[in-house]
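Structure file work-v3.cif (mmCIF, C-alpha atoms) is printed below.
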data_start
loop_
_atom_site.label_atom_id
_atom_site.label_comp_id
_atom_site.auth_asym_id
_atom_site.auth_seq_id
_atom_site.Cartn_x
_atom_site.Cartn_y
_atom_site.Cartn_z
CA MET A 163 -27.72 21.66 133.82
CA LYS A 164 -30.56 21.61 131.35
CA PRO A 165 -31.54 18.07 130.34
CA PHE A 166 -30.71 17.43 126.67
CA LEU A 167 -31.20 14.86 123.93
CA ARG A 168 -28.40 12.30 123.71
CA LYS A 169 -27.01 11.50 120.32
CA GLU A 170 -26.57 7.83 120.89
CA ILE A 171 -28.97 5.65 122.77
CA PRO A 172 -27.13 2.84 124.54
CA ALA A 173 -27.98 -0.52 123.06
CA ALA A 174 -25.45 -2.94 124.56
CA LEU A 175 -26.01 -4.42 127.99
CA SER A 176 -22.67 -3.08 129.20
CA GLU A 177 -23.85 0.47 128.50
CA LEU A 178 -26.90 0.19 130.71
CA PRO A 179 -26.64 1.85 134.13
CA ASP A 180 -26.30 -0.24 137.26
CA ALA A 181 -28.97 1.86 138.95
CA THR A 182 -32.58 2.35 137.90
CA ALA A 183 -31.81 5.55 136.01
CA TYR A 184 -29.27 7.11 133.71
CA GLU A 185 -27.35 10.24 134.69
CA ALA A 186 -29.21 13.47 135.37
CA GLY A 187 -30.67 15.24 132.36
CA TYR A 188 -30.68 12.18 130.10
CA LEU A 189 -33.25 12.60 127.31
CA VAL A 190 -33.77 10.19 124.42
CA THR A 191 -37.16 11.23 123.01
CA LYS A 192 -38.76 14.50 121.90
CA ASN A 193 -42.28 15.64 122.79
CA ALA A 194 -43.01 17.40 119.50
CA GLY A 195 -45.37 14.66 118.33
CA TRP A 196 -47.82 15.45 121.16
CA ARG A 197 -48.66 18.78 119.64
CA ASN A 198 -51.52 19.54 117.25
CA VAL A 199 -51.16 23.33 117.42
CA ARG A 200 -47.93 25.26 117.68
CA PRO A 201 -47.26 28.68 119.22
CA VAL A 202 -45.75 31.17 116.80
CA ILE A 203 -44.13 34.32 118.20
CA GLU A 204 -44.88 37.51 116.29
CA LEU A 205 -41.64 39.31 116.90
CA ASP A 206 -42.94 42.76 115.93
CA LYS A 207 -45.47 42.58 118.77
CA CYS A 208 -43.27 40.82 121.34
CA THR A 209 -41.98 43.20 124.03
CA GLY A 210 -39.76 40.66 125.75
CA CYS A 211 -41.80 40.82 128.98
CA LEU A 212 -41.02 37.10 129.51
CA GLN A 213 -44.39 36.12 131.00
CA CYS A 214 -44.71 33.27 128.48
CA TYR A 215 -41.24 32.03 129.43
CA LEU A 216 -42.15 32.20 133.11
CA HIS A 217 -45.47 30.35 132.80
CA CYS A 218 -44.50 27.57 130.37
CA PRO A 219 -44.92 24.21 132.20
CA ASP A 220 -42.31 22.66 129.94
CA GLY A 221 -39.80 25.50 129.99
CA VAL A 222 -39.54 25.46 126.20
CA ILE A 223 -39.68 29.24 125.74
CA PHE A 224 -36.32 30.90 126.12
CA LYS A 225 -34.85 34.39 125.91
CA ASP A 226 -33.56 35.24 122.43
CA LYS A 227 -32.16 38.63 121.34
CA GLY A 228 -34.27 40.61 123.80
CA LYS A 229 -37.40 38.64 122.85
CA VAL A 230 -38.35 34.97 123.07
CA ALA A 231 -38.15 31.82 120.97
CA VAL A 232 -39.65 28.33 121.28
CA ASP A 233 -37.91 24.94 121.40
CA TYR A 234 -40.31 23.03 119.14
CA ASP A 235 -38.68 19.71 119.97
CA PHE A 236 -40.30 19.80 123.40
CA CYS A 237 -43.31 22.14 123.11
CA LYS A 238 -46.59 20.27 123.64
CA GLY A 239 -48.79 23.06 122.29
CA CYS A 240 -50.80 23.64 125.48
CA GLY A 241 -51.38 27.30 124.62
CA ILE A 242 -50.71 28.79 128.08
CA CYS A 243 -48.17 31.17 126.47
CA LYS A 244 -50.78 32.50 124.06
CA LYS A 245 -53.29 33.11 126.87
CA ILE A 246 -50.77 34.81 129.16
CA CYS A 247 -49.46 37.19 126.46
CA LYS A 248 -50.88 40.68 127.04
CA TYR A 249 -49.63 41.91 123.67
CA ALA A 250 -51.26 39.21 121.52
CA ALA A 251 -47.81 38.40 120.20
CA ILE A 252 -48.34 34.64 120.16
CA ARG A 253 -50.71 32.86 117.80
CA MET A 254 -51.47 29.16 117.65
CA GLU A 255 -51.14 27.52 114.25
CA ALA A 256 -52.49 24.09 113.39
CA GLU A 257 -49.84 21.43 112.81
CA LYS A 258 -50.20 19.79 109.43
CA MET B 187 -36.96 43.32 144.98
CA GLY B 188 -38.22 39.78 144.79
CA LEU B 189 -37.51 37.37 142.00
CA SER B 190 -39.25 37.97 138.69
CA ALA B 191 -39.22 36.54 135.18
CA ARG B 192 -36.23 38.76 134.42
CA THR B 193 -34.11 37.89 137.44
CA LEU B 194 -34.96 34.19 137.66
CA ASN B 195 -32.19 31.68 136.91
CA GLU B 196 -32.32 31.03 133.13
CA GLU B 197 -31.18 27.44 133.48
CA GLU B 198 -33.84 24.74 133.20
CA PHE B 199 -33.67 21.75 135.55
CA PHE B 200 -36.95 20.00 134.71
CA TYR B 201 -37.09 19.59 130.96
CA GLY B 202 -38.38 17.14 128.38
CA HIS B 203 -40.72 15.55 130.91
CA LYS B 204 -43.85 13.65 129.92
CA ALA B 205 -46.47 15.60 131.90
CA CYS B 206 -49.75 16.30 130.13
CA ALA B 207 -49.84 19.50 128.07
CA GLY B 208 -50.75 22.40 130.36
CA CYS B 209 -49.79 20.60 133.58
CA GLY B 210 -49.81 22.85 136.64
CA GLY B 211 -47.72 20.54 138.82
CA SER B 212 -44.81 20.50 136.38
CA LEU B 213 -44.83 24.30 136.30
CA ALA B 214 -44.55 24.39 140.11
CA VAL B 215 -41.61 21.95 140.07
CA ARG B 216 -39.87 23.78 137.23
CA ILE B 217 -40.12 27.20 138.89
CA ALA B 218 -39.12 25.94 142.36
CA LEU B 219 -35.98 24.29 140.95
CA LYS B 220 -35.06 27.45 139.05
CA VAL B 221 -35.22 29.34 142.34
CA LEU B 222 -33.33 26.72 144.35
CA GLY B 223 -30.70 26.02 141.71
CA GLU B 224 -28.42 23.20 140.65
CA ARG B 225 -27.38 22.20 144.16
CA SER B 226 -30.85 20.88 144.96
CA VAL B 227 -31.49 17.24 145.63
CA ALA B 228 -35.10 16.57 144.66
CA VAL B 229 -37.05 13.75 146.26
CA LEU B 230 -40.23 12.63 144.53
CA PRO B 231 -42.62 9.97 145.77
CA ALA B 232 -44.92 7.97 143.55
CA GLY B 233 -47.10 10.50 141.78
CA CYS B 234 -47.31 12.49 138.59
CA MET B 235 -43.94 14.21 138.84
CA SER B 236 -41.98 11.01 139.32
CA ALA B 237 -44.03 9.25 136.64
CA VAL B 238 -43.33 11.98 134.08
CA GLY B 239 -39.73 12.68 135.06
CA PHE B 240 -38.22 9.20 135.23
CA ASN B 241 -39.28 7.25 132.14
CA PHE B 242 -36.41 4.83 131.71
CA PRO B 243 -34.01 5.54 130.14
CA GLN B 244 -35.01 9.19 130.40
CA LEU B 245 -34.22 11.32 133.45
CA CYS B 246 -35.77 14.74 132.99
CA PHE B 247 -34.12 16.37 135.99
CA GLY B 248 -30.86 18.22 135.45
CA ASN B 249 -30.13 18.26 139.17
CA ASN B 250 -29.92 15.24 141.44
CA ALA B 251 -33.31 13.62 141.83
CA ILE B 252 -34.55 10.39 143.34
CA ILE B 253 -37.87 8.59 143.71
CA SER B 254 -38.93 7.75 147.27
CA THR B 255 -41.59 5.41 148.56
CA PHE B 256 -45.07 6.89 148.39
CA ALA B 257 -45.22 7.47 152.15
CA GLY B 258 -41.58 8.39 152.59
CA THR B 259 -40.94 11.75 150.89
CA ALA B 260 -40.15 13.56 154.14
CA SER B 261 -38.14 10.72 155.68
CA MET B 262 -36.03 10.39 152.54
CA LEU B 263 -35.45 14.15 152.66
CA THR B 264 -34.29 13.70 156.24
CA GLY B 265 -31.84 11.04 155.07
CA VAL B 266 -30.59 13.06 152.10
CA GLU B 267 -29.95 16.08 154.31
CA ALA B 268 -28.25 14.09 157.08
CA GLY B 269 -26.21 12.04 154.60
CA LEU B 270 -24.84 15.04 152.72
CA ARG B 271 -24.12 16.88 155.96
CA ALA B 272 -22.26 13.83 157.30
CA GLN B 273 -20.06 13.90 154.21
CA GLY B 274 -19.19 17.52 154.88
CA ILE B 275 -21.20 18.77 151.90
CA ASP B 276 -22.94 22.07 152.43
CA ASN B 277 -24.71 24.75 150.42
CA PHE B 278 -27.43 22.45 149.09
CA HIS B 279 -31.19 22.14 149.37
CA ALA B 280 -33.01 18.91 150.10
CA VAL B 281 -36.36 19.54 148.44
CA GLY B 282 -39.36 17.24 148.12
CA PHE B 283 -42.16 17.48 145.58
CA ALA B 284 -45.18 15.44 146.55
CA GLY B 285 -48.75 15.60 145.35
CA ASP B 286 -51.81 16.11 147.50
CA GLY B 287 -52.33 12.39 148.06
CA GLY B 288 -48.67 11.80 148.83
CA THR B 289 -48.74 14.65 151.33
CA ALA B 290 -52.12 14.79 153.03
CA ASP B 291 -53.00 11.08 152.97
CA ILE B 292 -50.10 8.71 152.45
CA GLY B 293 -47.09 10.78 153.48
CA ILE B 294 -48.57 12.74 156.36
CA GLN B 295 -46.91 10.84 159.19
CA ALA B 296 -43.43 11.03 157.65
CA LEU B 297 -43.96 14.75 157.09
CA SER B 298 -45.20 15.21 160.65
CA GLY B 299 -42.13 13.37 161.95
CA ALA B 300 -39.73 15.49 159.91
CA ILE B 301 -41.34 18.70 161.17
CA ASP B 302 -41.14 17.35 164.73
CA ARG B 303 -37.39 16.73 164.32
CA ASN B 304 -37.11 20.12 162.58
CA ASP B 305 -34.93 18.63 159.83
CA ASP B 306 -33.46 21.20 157.47
CA ILE B 307 -35.58 20.38 154.41
CA ILE B 308 -38.02 22.03 152.02
CA TYR B 309 -41.24 20.14 151.38
CA ILE B 310 -43.35 21.35 148.48
CA CYS B 311 -46.81 19.91 148.00
CA TYR B 312 -48.22 20.46 144.52
CA ASP B 313 -51.91 20.13 145.08
CA ASN B 314 -53.97 19.12 142.06
CA GLU B 315 -56.80 17.98 144.31
CA ALA B 316 -56.90 14.25 143.55
CA TYR B 317 -54.70 11.24 142.71
CA MET B 318 -54.27 12.34 139.11
CA ASN B 319 -51.42 10.01 138.19
CA THR B 320 -53.46 6.86 138.81
CA GLY B 321 -56.58 8.17 137.10
CA ILE B 322 -58.27 10.80 139.27
CA GLN B 323 -59.20 9.18 142.59
CA LYS B 324 -60.32 11.31 145.53
CA SER B 325 -57.71 12.39 148.08
CA SER B 326 -58.34 14.24 151.32
CA LEU B 327 -57.52 17.45 149.46
CA THR B 328 -60.26 16.95 146.87
CA PRO B 329 -62.79 19.76 147.40
CA PHE B 330 -66.47 19.34 148.14
CA GLY B 331 -68.55 18.40 145.13
CA ALA B 332 -65.72 17.33 142.84
CA LYS B 333 -66.34 14.32 140.65
CA THR B 334 -63.54 11.76 140.71
CA THR B 335 -63.53 8.10 139.74
CA THR B 336 -64.05 7.15 143.41
CA THR B 337 -66.60 9.91 144.07
CA PRO B 338 -68.79 9.72 140.97
CA ALA B 339 -71.59 12.18 140.36
CA GLY B 340 -75.03 10.59 140.44
CA SER B 341 -78.51 11.96 141.00
CA ASN B 342 -78.44 11.19 144.73
CA ILE B 343 -74.82 11.78 145.72
CA ARG B 344 -73.14 14.44 143.63
CA GLY B 345 -69.40 13.96 143.78
CA ASN B 346 -67.20 14.30 146.85
CA LEU B 347 -69.14 14.80 150.07
CA ARG B 348 -66.25 15.92 152.25
CA PRO B 349 -64.56 19.31 152.38
CA LYS B 350 -60.90 19.85 151.47
CA LYS B 351 -58.60 19.23 154.41
CA ASN B 352 -56.60 22.29 155.46
CA MET B 353 -53.10 20.86 155.12
CA PHE B 354 -51.40 24.25 155.49
CA GLU B 355 -52.90 24.83 158.92
CA ILE B 356 -52.28 21.22 159.98
CA VAL B 357 -48.59 21.73 159.17
CA ALA B 358 -48.58 25.13 160.90
CA ALA B 359 -50.06 23.53 164.02
CA HIS B 360 -46.74 21.69 164.45
CA GLY B 361 -45.08 25.03 165.14
CA ILE B 362 -43.02 24.68 161.94
CA PRO B 363 -40.44 27.46 161.25
CA TYR B 364 -42.04 28.33 157.92
CA ALA B 365 -45.14 27.29 155.99
CA ALA B 366 -46.90 28.96 153.10
CA THR B 367 -49.64 28.51 150.54
CA ALA B 368 -49.25 29.52 146.91
CA SER B 369 -50.86 29.13 143.51
CA ILE B 370 -49.29 28.70 140.08
CA GLY B 371 -51.46 31.66 139.05
CA TYR B 372 -49.25 33.89 141.24
CA LEU B 373 -45.74 32.81 140.38
CA ASN B 374 -43.98 35.91 141.72
CA ASP B 375 -45.51 35.18 145.13
CA PHE B 376 -44.47 31.51 144.85
CA MET B 377 -40.89 32.38 143.85
CA ARG B 378 -40.60 34.77 146.79
CA LYS B 379 -41.82 32.06 149.16
CA VAL B 380 -39.44 29.40 147.81
CA GLU B 381 -36.53 31.84 148.07
CA LYS B 382 -37.53 32.78 151.60
CA ALA B 383 -37.87 29.12 152.59
CA SER B 384 -34.42 28.37 151.18
CA LYS B 385 -32.86 30.81 153.66
CA ILE B 386 -34.62 29.55 156.77
CA LYS B 387 -33.08 26.82 158.92
CA GLY B 388 -35.35 23.92 159.85
CA THR B 389 -38.38 22.41 158.13
CA LYS B 390 -40.17 24.45 155.51
CA TYR B 391 -43.47 23.58 153.88
CA ILE B 392 -45.03 25.20 150.81
CA HIS B 393 -48.44 24.15 149.57
CA ILE B 394 -49.01 25.21 145.97
CA LEU B 395 -52.31 24.78 144.21
CA ALA B 396 -51.60 23.39 140.74
CA PRO B 397 -54.59 22.79 138.47
CA CYS B 398 -54.68 19.64 136.36
CA PRO B 399 -56.42 20.00 132.97
CA THR B 400 -56.88 16.24 132.72
CA GLY B 401 -58.50 15.79 136.13
CA TRP B 402 -60.33 19.08 136.42
CA GLY B 403 -61.77 19.01 132.94
CA THR B 404 -60.41 22.32 131.72
CA ALA B 405 -58.68 23.26 128.46
CA THR B 406 -54.90 22.91 128.50
CA ASP B 407 -54.40 26.66 128.04
CA GLU B 408 -56.60 27.58 131.03
CA THR B 409 -54.36 26.16 133.77
CA VAL B 410 -52.80 29.44 134.87
CA GLU B 411 -56.04 31.38 134.54
CA ILE B 412 -58.02 28.94 136.66
CA ALA B 413 -55.23 29.03 139.27
CA LYS B 414 -55.74 32.79 139.46
CA GLU B 415 -59.51 32.52 139.55
CA VAL B 416 -59.55 30.07 142.46
CA VAL B 417 -57.79 32.74 144.54
CA GLU B 418 -59.95 35.57 143.22
CA CYS B 419 -63.17 33.75 144.09
CA GLY B 420 -61.93 33.01 147.61
CA LEU B 421 -61.72 29.22 147.45
CA TRP B 422 -57.93 29.34 147.93
CA TYR B 423 -55.78 31.89 149.69
CA LEU B 424 -52.16 33.01 149.66
CA ALA B 425 -50.74 33.04 153.16
CA GLU B 426 -47.68 32.40 155.30
CA TYR B 427 -47.03 31.04 158.76
CA GLU B 428 -43.91 31.98 160.69
CA ASN B 429 -42.98 32.89 164.24
CA GLY B 430 -46.24 31.41 165.45
CA GLY B 431 -48.47 33.71 163.40
CA PHE B 432 -50.44 33.63 160.15
CA THR B 433 -50.21 36.35 157.53
CA LEU B 434 -52.55 36.76 154.58
CA ASN B 435 -50.49 37.90 151.56
CA TYR B 436 -53.24 38.79 149.17
CA ARG B 437 -56.81 39.90 149.70
CA PRO B 438 -59.12 39.99 146.67
CA LYS B 439 -60.99 43.31 146.64
CA GLU B 440 -64.21 41.53 145.89
CA PHE B 441 -64.70 37.81 145.38
CA THR B 442 -65.52 36.76 141.85
CA ASP B 443 -68.45 34.41 141.28
CA VAL B 444 -67.87 30.94 142.74
CA ALA B 445 -70.39 29.42 140.31
CA ALA B 446 -68.43 30.79 137.33
CA TYR B 447 -65.24 29.20 138.67
CA LEU B 448 -66.91 25.85 139.32
CA LYS B 449 -68.83 25.61 136.08
CA LYS B 450 -65.69 26.03 133.99
CA GLN B 451 -64.55 22.61 135.15
CA SER B 452 -66.19 19.37 134.10
CA ARG B 453 -65.52 17.87 137.56
CA PHE B 454 -68.13 20.32 138.96
CA LYS B 455 -70.58 20.35 136.02
CA HIS B 456 -73.21 18.33 137.91
CA LEU B 457 -73.44 20.66 140.94
CA THR B 458 -76.87 22.12 141.72
CA GLU B 459 -77.46 25.70 142.85
CA GLU B 460 -77.87 24.31 146.37
CA ASP B 461 -74.45 22.63 146.21
CA ILE B 462 -72.88 25.85 144.99
CA GLN B 463 -74.51 27.67 147.90
CA THR B 464 -72.86 25.14 150.25
CA VAL B 465 -69.50 26.00 148.68
CA ARG B 466 -70.21 29.73 149.16
CA TYR B 467 -71.14 29.26 152.82
CA SER B 468 -68.00 27.30 153.58
CA ARG B 469 -65.89 29.90 151.78
CA ASP B 470 -67.45 32.73 153.80
CA ALA B 471 -66.95 30.82 157.07
CA LYS B 472 -63.29 30.26 156.18
CA TRP B 473 -62.75 33.94 155.41
CA GLU B 474 -64.35 34.99 158.69
CA ALA B 475 -61.79 32.79 160.43
CA ILE B 476 -59.01 34.30 158.31
CA TYR B 477 -60.05 37.83 159.28
CA ARG B 478 -60.08 36.79 162.94
CA ASN B 479 -56.81 34.87 163.04
CA PHE B 480 -54.55 36.16 160.27
CA LYS B 481 -52.56 39.34 160.05
CA ILE B 482 -53.87 41.01 156.90
CA ILE B 483 -51.39 42.82 154.68
#
Translate the structure of the given file into structure tokens.
Amino acid sequence: MKPFLRKEIPAALSELPDATAYEAGYLVTKNAGWRNVRPVIELDKCTGCLQCYLHCPDGVIFKDKGKVAVDYDFCKGCGICKKICKYAAIRMEAEK
Amino acid sequence: MGLSARTLNEEEFFYGHKACAGCGGSLAVRIALKVLGERSVAVLPAGCMSAVGFNFPQLCFGNNAIISTFAGTASMLTGVEAGLRAQGIDNFHAVGFAGDGGTADIGIQALSGAIDRNDDIIYICYDNEAYMNTGIQKSSLTPFGAKTTTTPAGSNIRGNLRPKKNMFEIVAAHGIPYAATASIGYLNDFMRKVEKASKIKGTKYIHILAPCPTGWGTATDETVEIAKEVVECGLWYLAEYENGGFTLNYRPKEFTDVAAYLKKQSRFKHLTEEDIQTVRYSRDAKWEAIYRNFKII
């Protein structure tokens, strides 16, 4: 199962887990705020070779209609995808 | 056909974690879990991957995962495997992800014990060549010349004086069923090794070099590139050990310049030409031994 953002963050004491962790895949915060540049996929150049998806340390690039797309909630903007892309189909844009 | 980007499990099991941007270790963990699948129980000692994966209330693993003591990765894996087996549960992988310090310094006796008992576990060491989680202190896998906070670079002593311990061959010397080295710059090779390890009974050990932009002083987008270059310049090698013999999986046609590799990283910026020559000599000595003792593919 892919970890995902929970809609409600437990607040009451009774909702806290007995153990030191919540259940597997329990996310409450995004990582988008870490980023100062964002990868943008140029779909006309993307061949769907998936090397960016394979090499992303955060796993935020996913297959989408034969090409790829980015989950901007969790991308940290490291730029590995841009460097690995042989087709120059990813550009980094400054976050404003 | 081995696993590739196209055939790899699309599910993500390590997601939303708080590792630094461009972290090599998190890439190793992510890919290994995609190969091993949902029925993996991950054991993580103190170190980067537990620090970034378990930020209460977050738990960034989609499979079962637990933090062990720093020294006890392998012994907790032993317990996980025995406990699940005792409950009649099968078709799972007990997999550990420990850093270089947690493996070669603090966890080495537990690992040695597990290999001695030949427990059915997979131990993956992501080697970023220092204690990065606590702020870049030297481990026994920090290479010669590297500046860390405990081996500072001055005019007299320039960084770490000791060579990198060869953990892969130390593990192999136990007569382990399967051991391998890998690099996050060669993920197809790594995926093949993890898949192979998952099908072998007994203790398996994979040592993957995973650059750390924060500790090595490289840009966040260079992590994969530098992990390729370290293999191309001969300072790391991709190999396997099984049935009592070593096999070299990849032989660079010609080594690229060691100085170019070193000077890209701020941890080596202070090295003199003489220091770099020392690195070259030790690389050449290592490769002579590889040519003597390894089967070359």
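The gap separating atom CA of Cys247 of chain A from atom CA of Phe441 of chain B is 24.3 Å, in Å to one decimal.
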Considering only C-alpha atoms, extract the chain B residues located within 8 Å of chain A and return them as an MDAnalysis selection string. chainID B and resid 191:192 197:204 207:210 212:214 216:217 224 240 242:251 373 406:410
Starting from the PyMOL selection byres ((chain B and resi 424) around 6), expand the selection into actual residues of this file and give them as a ChimeraX atom specification. /B:367-368,423,425,435-436
I'd like the neighbourhood of Gly188 of chain B as a PyMOL selection string, where a residue qualifies if any of its atoms comes within 9 Å (using only C-alpha atoms), though same-chain residues fewer than 3 positions away should be ignored. chain B and resi 193+374-375+377-378+381
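With distances restricted to all atoms listed in the file, B:Ala257 is the closest residue to Gly299 of chain B from B:Ala316, B:Leu448, B:Ile275, B:Ala257.
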Show me the residues around (-43.5, 15.5, 149.2) - criterion: an atom at most 9 Å away, all atoms listed in the file counted - as a list in words. Val229, Leu230, Pro231, Phe256, Ala257, Gly258, Thr259, Ala260, Leu263, Val281, Gly282, Phe283, Ala284, Gly285, Asp286, Gly288, Thr289, Gly293, Leu297, Ile308, Tyr309, Ile310, Cys311 and Tyr312 of chain B
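Pairwise distance (atom CA of Gly388 of chain B, atom CA of Asp305 of chain B) equals 5.3 Å.
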Per-residue nearest contacts segment 388-461 of chain B to segment 328-339 of chain B, cut-off 12 Å, using all atoms listed in the file, as a tab-separated table:
residue	atom	partner	partner_atom	distance
B:Leu395	CA	B:Thr328	CA	11.5
B:Pro397	CA	B:Thr328	CA	11.7
B:Thr400	CA	B:Thr334	CA	11.3
B:Gly401	CA	B:Thr334	CA	7.9
B:Trp402	CA	B:Ala332	CA	8.6
B:Gly403	CA	B:Lys333	CA	10.1
B:Val416	CA	B:Pro329	CA	11.9
B:Leu421	CA	B:Pro329	CA	9.5
B:Trp422	CA	B:Pro329	CA	10.8
B:Leu448	CA	B:Ala332	CA	9.3
B:Lys449	CA	B:Ala332	CA	11.1
B:Gln451	CA	B:Ala332	CA	9.4
B:Ser452	CA	B:Lys333	CA	8.3
B:Arg453	CA	B:Lys333	CA	4.8
B:Phe454	CA	B:Ala332	CA	5.5
B:Lys455	CA	B:Lys333	CA	8.7
B:His456	CA	B:Ala339	CA	6.8
B:Leu457	CA	B:Gly331	CA	6.8
B:Thr458	CA	B:Gly331	CA	9.7
B:Glu459	CA	B:Gly331	CA	11.7
B:Glu460	CA	B:Gly331	CA	11.1
B:Asp461	CA	B:Gly331	CA	7.3
I'd like the residues picked by the PyMOL selection byres ((chain A and resi 205) around 10) written out as a PyMOL selection string, using the chain letters and numbers from the file. chain A and resi 202-204+206-210+229-231+251-252
Write a file of the selected residues as a PDB file, in the coordinates of the input, keeping C-alpha atoms.
ATOM      1  CA  VAL A 202     -45.750  31.170 116.800  1.00  0.00           C
ATOM      2  CA  ILE A 203     -44.130  34.320 118.200  1.00  0.00           C
ATOM      3  CA  GLU A 204     -44.880  37.510 116.290  1.00  0.00           C
ATOM      4  CA  ASP A 206     -42.940  42.760 115.930  1.00  0.00           C
ATOM      5  CA  LYS A 207     -45.470  42.580 118.770  1.00  0.00           C
ATOM      6  CA  CYS A 208     -43.270  40.820 121.340  1.00  0.00           C
ATOM      7  CA  THR A 209     -41.980  43.200 124.030  1.00  0.00           C
ATOM      8  CA  GLY A 210     -39.760  40.660 125.750  1.00  0.00           C
ATOM      9  CA  LYS A 229     -37.400  38.640 122.850  1.00  0.00           C
ATOM     10  CA  VAL A 230     -38.350  34.970 123.070  1.00  0.00           C
ATOM     11  CA  ALA A 231     -38.150  31.820 120.970  1.00  0.00           C
ATOM     12  CA  ALA A 251     -47.810  38.400 120.200  1.00  0.00           C
ATOM     13  CA  ILE A 252     -48.340  34.640 120.160  1.00  0.00           C
TER      14      ILE A 252
END
Once 3 Å is added on each side, what centre and edge lengths in Å to one decimal does the axis-aligned box around all listed atoms of segment 169-178 of chain A have, as lines of an AutoDock Vina configuration file?
center_x = -25.8
center_y = 3.5
center_z = 125.5
size_x = 12.3
size_y = 21.9
size_z = 16.4
Would you mind reading off the distance between atom CA of Asp306 of chain B and atom CA of Met235 of chain B, one decimal, in Å? 22.5 Å
Env of segment 270-272 of chain B: 12 Å cut, atoms = all atoms listed in the file, seq-sep filter 4 positions within chain, self excluded. Answer as a PDB file with C-alpha atoms, in the coordinates of the input.
ATOM      1  CA  ARG B 225     -27.380  22.200 144.160  1.00  0.00           C
ATOM      2  CA  SER B 226     -30.850  20.880 144.960  1.00  0.00           C
ATOM      3  CA  VAL B 227     -31.490  17.240 145.630  1.00  0.00           C
ATOM      4  CA  LEU B 263     -35.450  14.150 152.660  1.00  0.00           C
ATOM      5  CA  THR B 264     -34.290  13.700 156.240  1.00  0.00           C
ATOM      6  CA  GLY B 265     -31.840  11.040 155.070  1.00  0.00           C
ATOM      7  CA  VAL B 266     -30.590  13.060 152.100  1.00  0.00           C
ATOM      8  CA  ASP B 276     -22.940  22.070 152.430  1.00  0.00           C
ATOM      9  CA  ASN B 277     -24.710  24.750 150.420  1.00  0.00           C
ATOM     10  CA  PHE B 278     -27.430  22.450 149.090  1.00  0.00           C
ATOM     11  CA  HIS B 279     -31.190  22.140 149.370  1.00  0.00           C
ATOM     12  CA  ALA B 280     -33.010  18.910 150.100  1.00  0.00           C
ATOM     13  CA  ASP B 305     -34.930  18.630 159.830  1.00  0.00           C
ATOM     14  CA  ASP B 306     -33.460  21.200 157.470  1.00  0.00           C
TER      15      ASP B 306
END
Skip Tyr364 of chain B itself and residues of its chain fewer than 3 positions away, then list as an MDAnalysis selection string all residues within 7 Å of it, counting only C-alpha atoms. chainID B and resid 383 389:391 427:428
Near Gly420 of chain B, counting all atoms listed in the file, which residues have an atom at most 12 Å away, once you skip same-chain residues fewer than 2 positions from it, shown as an NGL selection string? :B and (413-418 or 422-424 or 436-445 or 447 or 465-474 or 476)
Export, as a compact mmCIF listing (two decimals), in the coordinates of the input, the selected residues with C-alpha atoms.
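Full text of result_10.txt as output:
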# COMPACT_ATOMS: atom_id res chain seq x y z
CA ALA B 413 -55.23 29.03 139.27
CA LYS B 414 -55.74 32.79 139.46
CA GLU B 415 -59.51 32.52 139.55
CA VAL B 416 -59.55 30.07 142.46
CA VAL B 417 -57.79 32.74 144.54
CA GLU B 418 -59.95 35.57 143.22
CA TRP B 422 -57.93 29.34 147.93
CA TYR B 423 -55.78 31.89 149.69
CA LEU B 424 -52.16 33.01 149.66
CA TYR B 436 -53.24 38.79 149.17
CA ARG B 437 -56.81 39.90 149.70
CA PRO B 438 -59.12 39.99 146.67
CA LYS B 439 -60.99 43.31 146.64
CA GLU B 440 -64.21 41.53 145.89
CA PHE B 441 -64.70 37.81 145.38
CA THR B 442 -65.52 36.76 141.85
CA ASP B 443 -68.45 34.41 141.28
CA VAL B 444 -67.87 30.94 142.74
CA ALA B 445 -70.39 29.42 140.31
CA TYR B 447 -65.24 29.20 138.67
CA VAL B 465 -69.50 26.00 148.68
CA ARG B 466 -70.21 29.73 149.16
CA TYR B 467 -71.14 29.26 152.82
CA SER B 468 -68.00 27.30 153.58
CA ARG B 469 -65.89 29.90 151.78
CA ASP B 470 -67.45 32.73 153.80
CA ALA B 471 -66.95 30.82 157.07
CA LYS B 472 -63.29 30.26 156.18
CA TRP B 473 -62.75 33.94 155.41
CA GLU B 474 -64.35 34.99 158.69
CA ILE B 476 -59.01 34.30 158.31
Please rebuild segment 478-483 of chain B with N, CA and C atoms and give the result as a short mmCIF file (atom, residue, chain, number, x, y, z; two decimals), keeping the file's coordinate frame.
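Result file follows (selection-v7.cif):
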data_model
loop_
_atom_site.label_atom_id
_atom_site.label_comp_id
_atom_site.auth_asym_id
_atom_site.auth_seq_id
_atom_site.Cartn_x
_atom_site.Cartn_y
_atom_site.Cartn_z
N ARG B 478 -60.28 36.86 161.48
CA ARG B 478 -60.08 36.79 162.94
C ARG B 478 -58.63 36.45 163.30
N ASN B 479 -58.06 35.47 162.57
CA ASN B 479 -56.81 34.87 163.04
C ASN B 479 -55.55 35.27 162.28
N PHE B 480 -55.72 35.85 161.10
CA PHE B 480 -54.55 36.16 160.27
C PHE B 480 -54.24 37.64 160.35
N LYS B 481 -52.95 37.95 160.26
CA LYS B 481 -52.56 39.34 160.05
C LYS B 481 -52.81 39.63 158.57
N ILE B 482 -53.52 40.71 158.29
CA ILE B 482 -53.87 41.01 156.90
C ILE B 482 -52.93 42.10 156.39
N ILE B 483 -52.28 41.81 155.26
CA ILE B 483 -51.39 42.82 154.68
C ILE B 483 -52.18 43.78 153.81
#
